[in-house]
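Structure first, then comments.
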Amino acid sequence: MKNFLWITWLICFVTFPTTVRADTACEGVRAGLQVGFGVIDSKLTTTRTLLIPVPNVDYSDISGRGGILGLSVDWMSLVGNSDIMAGAEASINFLTTKGKKSTMGTFPSAVDVYTGDLSTSVFYKRSLEVVAKFGYMFKGAAVAYVRVGPSFGTLKASSVSNALKYKGDKAIRPFGLVMGVGAEFPVTDRLAFGTEYNYRRYPTFSHNLADTAGISQLNMSIIPTSHAVMFRFSYKLSAVDFATPQPKERKRKRSRPPKT
């Protein structure tokens, strides 16, 4: 995935025109649309809740893929006359990322231990994020940045064993962390295109599986994480450059020398 991201950045940097300055399309208040795909890689631990001997505790991973669609509003500004940029962003992402794990194992029942199937899925539905962004403008033609901040997720975990008649599920809205890197390339004075990679991590949560008699048999402990690659389109809403009262003067000082 990381190789794919670097190749995308390189293609954009080479093919996009550099006559449009990044400090026109990448500064100010902007509205954004992002689409992409995500991968979840959650850690799953299964333990017994009854005092019945079980040969082992099951540790496994839950992996899966899905699509992402998001909306964002951000603000970025050059710091003084430097090439450093700083700003903030609020975004909401709708996800269809789902992972599933099916295993055969030895699990307890109300009176004994049995070998049966156990299927667990973790479904990422959406995330709401407010992050800080810090970037650097390369030769006025592209902006590379990092983003970090809190992420409010919506997840659901479901587990079922048809053979042993176990079932359990739990929906949560955890408070976690998102960290990402990205790059933007101006297309016009107001429109910019970019790519972005994000990593999300949420606290461990658990839910119990009960049998048909309502007796709790197993405990599922899950550490949810996700990776996502996004393609972003940002449109500048501000009519002027907010970074300085004299944007034209700054851009004249920062403009490139004419090509010979």
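Starting from 1 in every chain, residues are counted up; chains themselves are A, B, ... following the order of the structure tokens, and ligands are numbered from 1 as listed.
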
Can you list, as a compact mmCIF listing (two decimals) with N, CA and C atoms, in the first residue's frame, every protein, DNA or RNA residue that comes within 9 Å of Val146 (chain A) when you count only C-alpha atoms, leaving out same-chain residues fewer than 4 positions away?
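Saved file around_30.txt follows:
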# COMPACT_ATOMS: atom_id res chain seq x y z
N ALA A 132 -5.16 18.54 13.39
CA ALA A 132 -4.22 19.60 13.04
C ALA A 132 -3.41 19.16 11.84
N LYS A 133 -3.07 20.11 10.96
CA LYS A 133 -2.30 19.80 9.76
C LYS A 133 -1.06 20.70 9.70
N PHE A 134 0.06 20.10 9.33
CA PHE A 134 1.31 20.82 9.17
C PHE A 134 1.94 20.37 7.86
N GLY A 135 2.34 21.35 7.02
CA GLY A 135 2.85 20.99 5.71
C GLY A 135 4.04 21.83 5.28
N MET A 179 -3.63 9.30 12.45
CA MET A 179 -2.38 9.91 12.01
C MET A 179 -2.26 9.67 10.51
N GLY A 180 -1.86 10.71 9.76
CA GLY A 180 -1.79 10.55 8.32
C GLY A 180 -0.73 11.43 7.69
N VAL A 181 -0.39 11.09 6.44
CA VAL A 181 0.51 11.88 5.60
C VAL A 181 -0.15 12.03 4.24
N GLY A 182 0.13 13.14 3.57
CA GLY A 182 -0.48 13.35 2.27
C GLY A 182 0.28 14.38 1.46
N ALA A 183 -0.17 14.57 0.23
CA ALA A 183 0.40 15.57 -0.67
C ALA A 183 -0.70 16.11 -1.56

Subject >> Who sits within 6 Å of Gly70 (chain A), only C-alpha atoms, same chain under 3 positions skipped, as a PyMOL selection string >> reply: chain A and resi 33-34+92-94

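Proximity ranking of A:Leu218, A:Leu95, A:Ile62, A:Leu118 relative to Phe37 (chain A) places A:Leu95 first, based on only C-alpha atoms.
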
Which residues of region 176-237 of chain A come within 8 Å of region 153-166 of chain A, and what is each one's closest atom pair and distance in Å (one decimal), counting only C-alpha atoms, sorted by chain and residue number, as CSV?
residue,atom,partner,partner_atom,distance
A:Gly176,CA,A:Gly153,CA,7.4
A:Tyr202,CA,A:Gly153,CA,8.0
A:Leu209,CA,A:Tyr166,CA,5.7
A:Ala210,CA,A:Tyr166,CA,5.4
A:Asp211,CA,A:Tyr166,CA,4.6
A:Thr212,CA,A:Lys165,CA,6.2
A:Gln217,CA,A:Tyr166,CA,7.9

Would you output that residue set with N, CA and C atoms, as a PDB file, in the first residue's frame?
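Once written, selection.pdb looks like this:
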ATOM      1  N   GLY A 176     -10.614   7.543  19.513  1.00  0.00           N
ATOM      2  CA  GLY A 176      -9.286   7.053  19.194  1.00  0.00           C
ATOM      3  C   GLY A 176      -8.401   8.126  18.586  1.00  0.00           C
ATOM      4  N   TYR A 202      -8.123   2.511  17.805  1.00  0.00           N
ATOM      5  CA  TYR A 202      -9.140   2.732  18.831  1.00  0.00           C
ATOM      6  C   TYR A 202      -8.852   1.827  20.029  1.00  0.00           C
ATOM      7  N   LEU A 209     -20.340 -13.770  24.471  1.00  0.00           N
ATOM      8  CA  LEU A 209     -21.208 -14.663  23.714  1.00  0.00           C
ATOM      9  C   LEU A 209     -21.988 -15.519  24.695  1.00  0.00           C
ATOM     10  N   ALA A 210     -23.285 -15.562  24.509  1.00  0.00           N
ATOM     11  CA  ALA A 210     -24.147 -16.351  25.385  1.00  0.00           C
ATOM     12  C   ALA A 210     -24.780 -17.491  24.605  1.00  0.00           C
ATOM     13  N   ASP A 211     -25.116 -18.575  25.302  1.00  0.00           N
ATOM     14  CA  ASP A 211     -25.775 -19.695  24.650  1.00  0.00           C
ATOM     15  C   ASP A 211     -27.286 -19.476  24.638  1.00  0.00           C
ATOM     16  N   THR A 212     -28.012 -20.493  24.176  1.00  0.00           N
ATOM     17  CA  THR A 212     -29.462 -20.359  24.054  1.00  0.00           C
ATOM     18  C   THR A 212     -30.145 -20.180  25.406  1.00  0.00           C
ATOM     19  N   GLN A 217     -20.733 -17.524  27.805  1.00  0.00           N
ATOM     20  CA  GLN A 217     -19.772 -18.604  27.614  1.00  0.00           C
ATOM     21  C   GLN A 217     -18.376 -18.102  27.226  1.00  0.00           C
TER      22      GLN A 217
END

**OP:** Apply DSSP to the structure's backbone, then extract all residues of region 18-242 of chain A labelled strand (DSSP E) and return them as a ChimeraX atom specification.
**Re:** /A:28-48,58-78,84-108,113-138,142-161,166-172,175-186,191-201,205-210,216-223,225-236
